[in-house]
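Okay, structure first, notes after.
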Amino acid sequence: MKDKQEYIIEVKNAKKIYRMGKERITAVDDVSFFIKKGEFCCLYGASGSGKSTLLNLMAGIEKLTSGQIMIKGRNIHRMSEKGLAKFRQNTLGFVFQSYNLLNSMTALENVELPLVFKHIRIKKRRKLAREMLNNVGLGDRLKHKPTEMSGGQQQRVGIARAFVSNPEIVFADEPTGNLDSKTSMEVMDIIKNMAKANNQTIVMVTHDQNLTKYADRIIHIFDGKIEEIIDLSKADEDESLIETDMMPVEQT
Amino acid sequence: MRISDLLRMGIRSLFRRKIRTLLTVLGVVIGCLFIIITISIGHGMDRSFETQVKEYGSLTTITVRNYGIIYDDDGNWAGSREQKLDENLLKQIEALDHVRAVTPVLNAYVQLVSGKYQSGVNVMAMKKEVFEDFEFPELSFGEYPTDEDSSTIIFGYYMPWEFYEEYGRGSKQVDLQKDSIIFKFNPWQYRRNERKREFTLPLRNIAKMEETNSEFDYNIYMDLEYFKKIYLQYCNTLTLEDRKKAVKVLDEYEQIKLNVDNIDNVAEVQDKIRDLGFQSESLLQYLQPTIDASKTLQLIFFFLGAVSMFVSSISIANTMVMSIYERTKEIGVMKVLGCVVKDIRSLFLFEAGMIGFIGGVAGVGISFLASYLINKYGQPIFGALMSGGAPMGDVPGATYSIIPLYLPLLGLGISVGVGLLSGYFPARRATKISAIEAMRTEN
């Protein structure tokens, strides 16, 4: 908080209220936190805790009810639709739980897609996409359609797509939610390694406690509120904290 | 997105649903075909109408006769009455708007004699100055009367038919250029002064018209002034009593013919002549029902074409709505990945336009084929449909469908336009889809 430049994402008093008929459901309730550049941040919580909503708010996919979210110093909820689209092209990457690949396209074309929107010439983007798929270990599956691939392979295509335009921030919404534990670990390693290699910021939503060990910072969400924030990067040297994982810490 | 990417993605999604695309395209093909064929038949009708009219004479000519036929409101013959056509009326008509040329017409039955053979013909004397205005045909030999020499007598293509012996059965074809021919006025009408020699005029200055398939073919024409001159000479050979009667004929004309500057003004001029108190006739008057009928027919055709285009536009819109519905999730994903709204709209507009374009191209292709088939085999249907009379009916190689150069472009333009128009609202809907909602839908 001393040096604002350090924080790539700033969430201030973010609030999201859904109206379901006459009922009002507060999904995200006055949440504030910061994420540093290059950090691996994990939004951890049970299902229905509002963590996915928070992620969507941070990505500008959903509208805030009140508060503000700044990414790279820009208030993303004040941007025009076009401005936000351009911002997503250049700064954000997405990995989804259900992969969200376009079934009509091959793996290569799926990975190319963000570059298509960025008006990048076909030769260049083919090359970038191919490299990316090689990096995730799918160099031999370029021409396969998503329906011809396993879940783990599909998610690796999804990761390649998220990272292909070299975004500063990658949002991952339960990236391993549909995968078995072995594949989950593989996928997480890929994400972690890629982010480390390019000093990219990862914001991941998960309900799986095992995955929190990949994070530098864990934000524990409960009922739309922050239960606790655990900064593991500062406690790196203190192994015991990782072991005792969810020791209650003073809420900020 | 780049145009090339737009193209690639659009074509890909069209190919993904081949049958549906094909059926939608088919609708456009039918609409486009209908419109092109309709207009082409319209052109064919115009063409056949023009040729037909040329056979009857000029459409811009109005004739006022010395007996006016009276029609009732339904256009039935209701009687006739005498009309006095004199110099005064001629001046009044000349003063009317839109009248390009006026001439009085004198008719005379004359005898042509060649040796012992003779032939009766009808002479029409008109002012030589207006021959051109009334579209007198080309001459196969001789020249039209001039100011220097107005004595030319012009024979219609079929004139004279044949020469017969006066009291015998023999007949012969006379060669106008070789045989000597003598011109006489009708000898039975007035009594000749016995003391004077019969009026005869050896014909030296003869011209002959080309075939026109119109009334020109069956008359003999000469300059009015020259006619008056020889007629007065002829009158001098008559008895005193008949001479007066005969000379009086020159004061009143049999017909007044006038030419109007534009076909659209014929009815107006006829109305004005009626206001002067005279009945007149024009070819247009008889052809008007045919023109109206063919216009109505074209209107009906065009209406059908428009309806089928409308139906196909509904089908395009339906296809696009379905396509967007199916791809809701895709649209959501694309939006989250940073696709700008404009690109999504262009993508769907391109697809819709492409359906129109493919349909248009196929429609144009098929319409050329259809046009060919109509011209080749359509005679029984279209021959009857087009001409009020027989002339067109059995003309070999008649064209019923003409496709001018602009028509394929028009058809294509309409098809693409209909595609874009009917794709516009679905495309707009696609852009309005919320990304988060879209991603939640399951395909």
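Letters A, B, ... mark the chains of the structure tokens in the order given; residue numbers begin at 1 per chain; ligand numbers begin at 1, in order shown.
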What are the closest atom pairs, with distances in Å to one decimal, for all residues of chain A lying within 10 Å of chain B? Consider only C-alpha atoms, order rows by chain and residue number, and present the result as CSV.
```
residue,atom,partner,partner_atom,distance
A:Asn56,CA,B:Ile436,CA,8.2
A:Ala59,CA,B:Val336,CA,8.6
A:Gly60,CA,B:Val336,CA,8.9
A:Ile61,CA,B:Ile436,CA,6.2
A:Glu62,CA,B:Ile436,CA,6.9
A:Glu81,CA,B:Val341,CA,7.7
A:Lys82,CA,B:Val340,CA,5.7
A:Gly83,CA,B:Val340,CA,8.7
A:Leu84,CA,B:Gly338,CA,7.7
A:Ala85,CA,B:Gly338,CA,4.3
A:Lys86,CA,B:Gly338,CA,6.1
A:Phe87,CA,B:Gly338,CA,7.5
A:Arg88,CA,B:Gly338,CA,5.0
A:Gln89,CA,B:Gly338,CA,4.7
A:Asn90,CA,B:Gly338,CA,8.4
A:Thr91,CA,B:Gly338,CA,9.8
A:Leu92,CA,B:Leu337,CA,8.1
A:Gly93,CA,B:Leu337,CA,7.2
A:Phe94,CA,B:Leu337,CA,7.3
A:Phe96,CA,B:Val333,CA,9.8
A:Ser98,CA,B:Met439,CA,9.6
A:Tyr99,CA,B:Val333,CA,10.0
A:Asn100,CA,B:Val333,CA,6.7
A:Leu101,CA,B:Val333,CA,8.1
A:Leu102,CA,B:Glu330,CA,6.4
A:Asn103,CA,B:Glu330,CA,9.0
A:Ser104,CA,B:Arg16,CA,7.8
A:Met105,CA,B:Arg12,CA,9.2
A:Leu113,CA,B:Leu337,CA,8.0
A:Pro114,CA,B:Leu337,CA,5.8
A:Leu115,CA,B:Met1,CA,9.0
A:Val116,CA,B:Met1,CA,5.8
A:Phe117,CA,B:Met1,CA,4.9
A:Lys118,CA,B:Met1,CA,6.8
A:His119,CA,B:Met1,CA,5.3
A:Ile120,CA,B:Arg2,CA,8.2
A:Arg121,CA,B:Arg2,CA,8.4
A:Ile122,CA,B:Asp5,CA,8.7
A:Arg161,CA,B:Leu337,CA,9.2
A:Ala162,CA,B:Leu337,CA,8.4
```
Restricting it to C-alpha atoms, dump the selection as an mmCIF file, in the first residue's frame.
```
data_model
loop_
_atom_site.group_PDB
_atom_site.id
_atom_site.type_symbol
_atom_site.label_atom_id
_atom_site.label_comp_id
_atom_site.auth_asym_id
_atom_site.auth_seq_id
_atom_site.Cartn_x
_atom_site.Cartn_y
_atom_site.Cartn_z
ATOM 1 C CA ASN A 56 -15.849 -11.943 -13.066
ATOM 2 C CA ALA A 59 -12.295 -9.260 -15.357
ATOM 3 C CA GLY A 60 -15.034 -6.752 -16.180
ATOM 4 C CA ILE A 61 -17.370 -9.519 -17.305
ATOM 5 C CA GLU A 62 -19.910 -8.580 -14.659
ATOM 6 C CA GLU A 81 -17.421 -1.679 -24.236
ATOM 7 C CA LYS A 82 -14.892 -1.287 -27.013
ATOM 8 C CA GLY A 83 -12.214 -0.011 -24.662
ATOM 9 C CA LEU A 84 -12.757 -2.975 -22.381
ATOM 10 C CA ALA A 85 -12.531 -5.390 -25.316
ATOM 11 C CA LYS A 86 -9.236 -3.830 -26.377
ATOM 12 C CA PHE A 87 -8.039 -3.943 -22.784
ATOM 13 C CA ARG A 88 -8.872 -7.652 -22.612
ATOM 14 C CA GLN A 89 -7.033 -8.286 -25.866
ATOM 15 C CA ASN A 90 -3.870 -6.696 -24.579
ATOM 16 C CA THR A 91 -3.818 -7.308 -20.856
ATOM 17 C CA LEU A 92 -6.030 -10.207 -19.842
ATOM 18 C CA GLY A 93 -6.069 -13.926 -20.423
ATOM 19 C CA PHE A 94 -8.748 -16.378 -19.363
ATOM 20 C CA PHE A 96 -12.226 -21.532 -17.760
ATOM 21 C CA SER A 98 -15.319 -25.901 -18.794
ATOM 22 C CA TYR A 99 -12.471 -24.910 -21.166
ATOM 23 C CA ASN A 100 -14.857 -22.925 -23.420
ATOM 24 C CA LEU A 101 -13.065 -23.900 -26.596
ATOM 25 C CA LEU A 102 -14.864 -23.404 -29.917
ATOM 26 C CA ASN A 103 -15.756 -26.915 -31.038
ATOM 27 C CA SER A 104 -15.788 -25.998 -34.728
ATOM 28 C CA MET A 105 -12.129 -25.022 -34.627
ATOM 29 C CA LEU A 113 -8.433 -16.711 -31.651
ATOM 30 C CA PRO A 114 -7.291 -13.932 -29.259
ATOM 31 C CA LEU A 115 -4.699 -12.937 -31.854
ATOM 32 C CA VAL A 116 -7.351 -12.849 -34.563
ATOM 33 C CA PHE A 117 -9.168 -10.189 -32.552
ATOM 34 C CA LYS A 118 -5.890 -8.308 -32.249
ATOM 35 C CA HIS A 119 -5.553 -8.071 -36.049
ATOM 36 C CA ILE A 120 -2.352 -10.091 -36.090
ATOM 37 C CA ARG A 121 -1.367 -11.504 -39.454
ATOM 38 C CA ILE A 122 -2.043 -15.175 -40.015
ATOM 39 C CA ARG A 161 -5.057 -19.683 -25.587
ATOM 40 C CA ALA A 162 -4.944 -17.662 -22.375
#
```
When DSSP is applied to the backbone of this structure, which of segment 5-249 of chain A are assigned strand (DSSP E)? Write them out as number ranges by chain.
A: 7-20, 23-36, 40-44, 66-71, 74-75, 92-95, 169-173, 201-206, 217-222, 225-231
Counting only C-alpha atoms, what is within 6 Å of Lys184 of chain B, bar same-chain residues fewer than 6 positions away, as a short mmCIF file (atom, residue, chain, number, x, y, z; two decimals) with N, CA and C atoms, in the first residue's frame?
```cif
data_model
loop_
_atom_site.label_atom_id
_atom_site.label_comp_id
_atom_site.auth_asym_id
_atom_site.auth_seq_id
_atom_site.Cartn_x
_atom_site.Cartn_y
_atom_site.Cartn_z
N VAL B 110 -58.31 6.92 -107.87
CA VAL B 110 -57.81 7.21 -109.23
C VAL B 110 -57.61 5.92 -110.01
N GLN B 111 -57.53 6.11 -111.28
CA GLN B 111 -57.28 4.97 -112.17
C GLN B 111 -55.89 5.11 -112.77
N THR B 200 -55.63 13.43 -118.55
CA THR B 200 -54.72 12.29 -118.34
C THR B 200 -53.36 12.83 -117.98
#
```
Tell me which protein, DNA and RNA residues are within 7 Å of segment 152-158 of chain A, counting only C-alpha atoms, leaving out same-chain ones fewer than 5 positions away, and put them as a PDB file with N, CA and C atoms, in the first residue's frame.
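What landed in out-v6.pdb:
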```
ATOM      1  N   VAL A  95      -8.699 -18.574 -18.370  1.00  0.00           N
ATOM      2  CA  VAL A  95      -8.794 -20.038 -18.394  1.00  0.00           C
ATOM      3  C   VAL A  95     -10.098 -20.379 -17.679  1.00  0.00           C
ATOM      4  N   TYR A  99     -13.392 -25.142 -20.042  1.00  0.00           N
ATOM      5  CA  TYR A  99     -12.471 -24.910 -21.166  1.00  0.00           C
ATOM      6  C   TYR A  99     -12.955 -23.826 -22.126  1.00  0.00           C
ATOM      7  N   LEU A 101     -13.712 -23.937 -25.281  1.00  0.00           N
ATOM      8  CA  LEU A 101     -13.065 -23.900 -26.596  1.00  0.00           C
ATOM      9  C   LEU A 101     -14.172 -23.905 -27.653  1.00  0.00           C
ATOM     10  N   ALA A 107      -7.407 -27.152 -32.442  1.00  0.00           N
ATOM     11  CA  ALA A 107      -6.668 -26.641 -31.290  1.00  0.00           C
ATOM     12  C   ALA A 107      -5.888 -25.391 -31.686  1.00  0.00           C
ATOM     13  N   VAL A 111      -6.348 -21.505 -30.241  1.00  0.00           N
ATOM     14  CA  VAL A 111      -5.277 -20.742 -29.603  1.00  0.00           C
ATOM     15  C   VAL A 111      -5.050 -19.420 -30.342  1.00  0.00           C
ATOM     16  N   LEU A 133       1.341 -24.141 -28.133  1.00  0.00           N
ATOM     17  CA  LEU A 133       0.855 -25.518 -27.989  1.00  0.00           C
ATOM     18  C   LEU A 133       2.009 -26.474 -27.721  1.00  0.00           C
ATOM     19  N   VAL A 136       2.767 -26.324 -24.052  1.00  0.00           N
ATOM     20  CA  VAL A 136       1.875 -27.073 -23.168  1.00  0.00           C
ATOM     21  C   VAL A 136       1.864 -28.563 -23.501  1.00  0.00           C
ATOM     22  N   PRO A 146     -11.490 -29.929 -30.378  1.00  0.00           N
ATOM     23  CA  PRO A 146     -11.654 -30.136 -28.934  1.00  0.00           C
ATOM     24  C   PRO A 146     -12.381 -31.442 -28.599  1.00  0.00           C
ATOM     25  N   LEU A 179     -11.195 -31.871 -13.872  1.00  0.00           N
ATOM     26  CA  LEU A 179     -10.096 -32.799 -14.146  1.00  0.00           C
ATOM     27  C   LEU A 179      -9.792 -33.659 -12.923  1.00  0.00           C
ATOM     28  N   THR A 183      -4.108 -35.037 -13.411  1.00  0.00           N
ATOM     29  CA  THR A 183      -4.135 -34.056 -14.496  1.00  0.00           C
ATOM     30  C   THR A 183      -4.159 -32.643 -13.937  1.00  0.00           C
ATOM     31  N   VAL A 187      -1.740 -29.585 -14.996  1.00  0.00           N
ATOM     32  CA  VAL A 187      -2.251 -28.317 -15.505  1.00  0.00           C
ATOM     33  C   VAL A 187      -1.767 -27.151 -14.641  1.00  0.00           C
TER      34      VAL A 187
END
```
Using Å and a single decimal, report how far atom CA of Val364 of chain B sits from atom CA of Asp46 of chain B.
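Atom CA of Val364 of chain B lies at a distance of 21.3 Å from atom CA of Asp46 of chain B.
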Could you work out how far atom CA of Ser280 of chain B lies from atom CA of Leu90 of chain B, giving the answer in Å with one decimal?
13.2 Å
Compile the contact shell of Thr63 of chain B as an MDAnalysis selection string: residues with an atom at most 10 Å away, counting only C-alpha atoms, same-chain residues fewer than 2 positions apart removed.
chainID B and resid 61 65:66 102:105 255:259 270 279:283
Prev. selection, C-alpha atoms, output as a compact mmCIF listing (two decimals), in the first residue's frame:
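Wrote again-v3.txt, looks like this:
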```txt
# COMPACT_ATOMS: atom_id res chain seq x y z
CA THR B 61 -50.12 9.90 -84.93
CA ARG B 65 -61.71 12.09 -90.02
CA ASN B 66 -64.59 13.89 -91.67
CA VAL B 102 -50.13 18.72 -88.97
CA THR B 103 -51.29 17.98 -92.45
CA PRO B 104 -54.64 17.85 -94.13
CA VAL B 105 -55.23 14.73 -96.15
CA GLN B 255 -58.67 13.76 -92.82
CA ILE B 256 -56.38 15.82 -90.74
CA LYS B 257 -53.36 13.93 -89.53
CA LEU B 258 -51.20 15.25 -86.75
CA ASN B 259 -48.12 14.04 -85.01
CA GLN B 270 -56.99 13.94 -78.25
CA GLN B 279 -63.64 13.10 -82.64
CA SER B 280 -60.20 11.79 -83.36
CA GLU B 281 -58.52 8.43 -83.60
CA SER B 282 -55.13 7.18 -82.62
CA LEU B 283 -53.48 3.81 -82.58
```
Find the residue from B:Glu442, B:Glu194, B:Glu50, B:Asp275 that sits nearest to Leu96 of chain B; use only C-alpha atoms when measuring.
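Closest to Leu96 of chain B of all the choices is B:Asp275.
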Within 10 Å of Ala195 of chain A, counting only C-alpha atoms, which residues qualify if same-chain residues fewer than 2 places away don't, as an MDAnalysis selection string?
chainID A and resid 38:40 163 166:170 189:193 197:202
Restrict the selected residues to N, CA, C and O atoms and save them as a PDB file, in the first residue's frame.
```pdb
ATOM      1  N   GLY A  38       2.993 -10.006 -10.842  1.00  0.00           N
ATOM      2  CA  GLY A  38       3.777 -11.224 -10.812  1.00  0.00           C
ATOM      3  C   GLY A  38       3.342 -12.209  -9.750  1.00  0.00           C
ATOM      4  O   GLY A  38       3.926 -13.282  -9.612  1.00  0.00           O
ATOM      5  N   GLU A  39       2.299 -11.858  -9.025  1.00  0.00           N
ATOM      6  CA  GLU A  39       1.844 -12.701  -7.941  1.00  0.00           C
ATOM      7  C   GLU A  39       0.921 -13.799  -8.460  1.00  0.00           C
ATOM      8  O   GLU A  39       0.223 -13.623  -9.451  1.00  0.00           O
ATOM      9  N   PHE A  40       0.919 -14.924  -7.750  1.00  0.00           N
ATOM     10  CA  PHE A  40      -0.053 -15.976  -8.016  1.00  0.00           C
ATOM     11  C   PHE A  40      -1.067 -15.888  -6.887  1.00  0.00           C
ATOM     12  O   PHE A  40      -0.769 -16.242  -5.754  1.00  0.00           O
ATOM     13  N   PHE A 163      -2.530 -17.709 -22.669  1.00  0.00           N
ATOM     14  CA  PHE A 163      -1.188 -17.120 -22.591  1.00  0.00           C
ATOM     15  C   PHE A 163      -0.636 -16.650 -23.928  1.00  0.00           C
ATOM     16  O   PHE A 163       0.407 -16.016 -23.972  1.00  0.00           O
ATOM     17  N   ASN A 166       0.450 -13.193 -24.524  1.00  0.00           N
ATOM     18  CA  ASN A 166       1.340 -12.736 -23.457  1.00  0.00           C
ATOM     19  C   ASN A 166       0.702 -11.651 -22.596  1.00  0.00           C
ATOM     20  O   ASN A 166       1.233 -10.540 -22.469  1.00  0.00           O
ATOM     21  N   PRO A 167      -0.438 -11.973 -21.974  1.00  0.00           N
ATOM     22  CA  PRO A 167      -1.127 -10.957 -21.164  1.00  0.00           C
ATOM     23  C   PRO A 167      -0.428 -10.766 -19.824  1.00  0.00           C
ATOM     24  O   PRO A 167       0.286 -11.659 -19.361  1.00  0.00           O
ATOM     25  N   GLU A 168      -0.643  -9.616 -19.216  1.00  0.00           N
ATOM     26  CA  GLU A 168      -0.020  -9.379 -17.915  1.00  0.00           C
ATOM     27  C   GLU A 168      -0.753 -10.115 -16.808  1.00  0.00           C
ATOM     28  O   GLU A 168      -0.175 -10.470 -15.796  1.00  0.00           O
ATOM     29  N   ILE A 169      -2.054 -10.289 -17.016  1.00  0.00           N
ATOM     30  CA  ILE A 169      -2.852 -10.963 -15.994  1.00  0.00           C
ATOM     31  C   ILE A 169      -3.617 -12.106 -16.638  1.00  0.00           C
ATOM     32  O   ILE A 169      -4.173 -11.958 -17.724  1.00  0.00           O
ATOM     33  N   VAL A 170      -3.623 -13.260 -15.976  1.00  0.00           N
ATOM     34  CA  VAL A 170      -4.457 -14.367 -16.440  1.00  0.00           C
ATOM     35  C   VAL A 170      -5.439 -14.719 -15.335  1.00  0.00           C
ATOM     36  O   VAL A 170      -5.047 -14.941 -14.192  1.00  0.00           O
ATOM     37  N   ASP A 189       0.883 -27.031 -12.811  1.00  0.00           N
ATOM     38  CA  ASP A 189       2.315 -26.813 -13.048  1.00  0.00           C
ATOM     39  C   ASP A 189       2.542 -25.976 -14.299  1.00  0.00           C
ATOM     40  O   ASP A 189       3.374 -25.066 -14.316  1.00  0.00           O
ATOM     41  N   ILE A 190       1.778 -26.295 -15.317  1.00  0.00           N
ATOM     42  CA  ILE A 190       1.932 -25.536 -16.569  1.00  0.00           C
ATOM     43  C   ILE A 190       1.627 -24.066 -16.337  1.00  0.00           C
ATOM     44  O   ILE A 190       2.389 -23.174 -16.723  1.00  0.00           O
ATOM     45  N   ILE A 191       0.495 -23.832 -15.658  1.00  0.00           N
ATOM     46  CA  ILE A 191       0.097 -22.434 -15.407  1.00  0.00           C
ATOM     47  C   ILE A 191       1.173 -21.711 -14.598  1.00  0.00           C
ATOM     48  O   ILE A 191       1.639 -20.624 -14.950  1.00  0.00           O
ATOM     49  N   LYS A 192       1.572 -22.351 -13.537  1.00  0.00           N
ATOM     50  CA  LYS A 192       2.558 -21.751 -12.621  1.00  0.00           C
ATOM     51  C   LYS A 192       3.868 -21.432 -13.347  1.00  0.00           C
ATOM     52  O   LYS A 192       4.407 -20.327 -13.250  1.00  0.00           O
ATOM     53  N   ASN A 193       4.330 -22.419 -14.130  1.00  0.00           N
ATOM     54  CA  ASN A 193       5.612 -22.247 -14.809  1.00  0.00           C
ATOM     55  C   ASN A 193       5.557 -21.145 -15.858  1.00  0.00           C
ATOM     56  O   ASN A 193       6.480 -20.348 -16.000  1.00  0.00           O
ATOM     57  N   ALA A 197       7.691 -17.714 -15.845  1.00  0.00           N
ATOM     58  CA  ALA A 197       8.616 -17.421 -16.934  1.00  0.00           C
ATOM     59  C   ALA A 197       8.463 -15.992 -17.446  1.00  0.00           C
ATOM     60  O   ALA A 197       9.448 -15.340 -17.788  1.00  0.00           O
ATOM     61  N   ASN A 198       7.234 -15.506 -17.493  1.00  0.00           N
ATOM     62  CA  ASN A 198       7.011 -14.164 -18.048  1.00  0.00           C
ATOM     63  C   ASN A 198       6.601 -13.144 -17.003  1.00  0.00           C
ATOM     64  O   ASN A 198       6.111 -12.081 -17.346  1.00  0.00           O
ATOM     65  N   ASN A 199       6.762 -13.496 -15.725  1.00  0.00           N
ATOM     66  CA  ASN A 199       6.378 -12.601 -14.637  1.00  0.00           C
ATOM     67  C   ASN A 199       4.929 -12.142 -14.776  1.00  0.00           C
ATOM     68  O   ASN A 199       4.617 -10.958 -14.699  1.00  0.00           O
ATOM     69  N   GLN A 200       4.033 -13.110 -15.064  1.00  0.00           N
ATOM     70  CA  GLN A 200       2.628 -12.775 -15.241  1.00  0.00           C
ATOM     71  C   GLN A 200       1.875 -12.958 -13.927  1.00  0.00           C
ATOM     72  O   GLN A 200       2.252 -13.772 -13.089  1.00  0.00           O
ATOM     73  N   THR A 201       0.825 -12.196 -13.794  1.00  0.00           N
ATOM     74  CA  THR A 201       0.003 -12.256 -12.593  1.00  0.00           C
ATOM     75  C   THR A 201      -1.126 -13.254 -12.832  1.00  0.00           C
ATOM     76  O   THR A 201      -1.769 -13.215 -13.884  1.00  0.00           O
ATOM     77  N   ILE A 202      -1.320 -14.148 -11.865  1.00  0.00           N
ATOM     78  CA  ILE A 202      -2.402 -15.126 -12.005  1.00  0.00           C
ATOM     79  C   ILE A 202      -3.421 -14.876 -10.905  1.00  0.00           C
ATOM     80  O   ILE A 202      -3.060 -14.705  -9.737  1.00  0.00           O
TER      81      ILE A 202
END
```
Residue list (alpha helix (DSSP H), DSSP) for segment 158-300 of chain B, as a PyMOL selection string:
chain B and resi 224-235+240-248+266-275+283-300
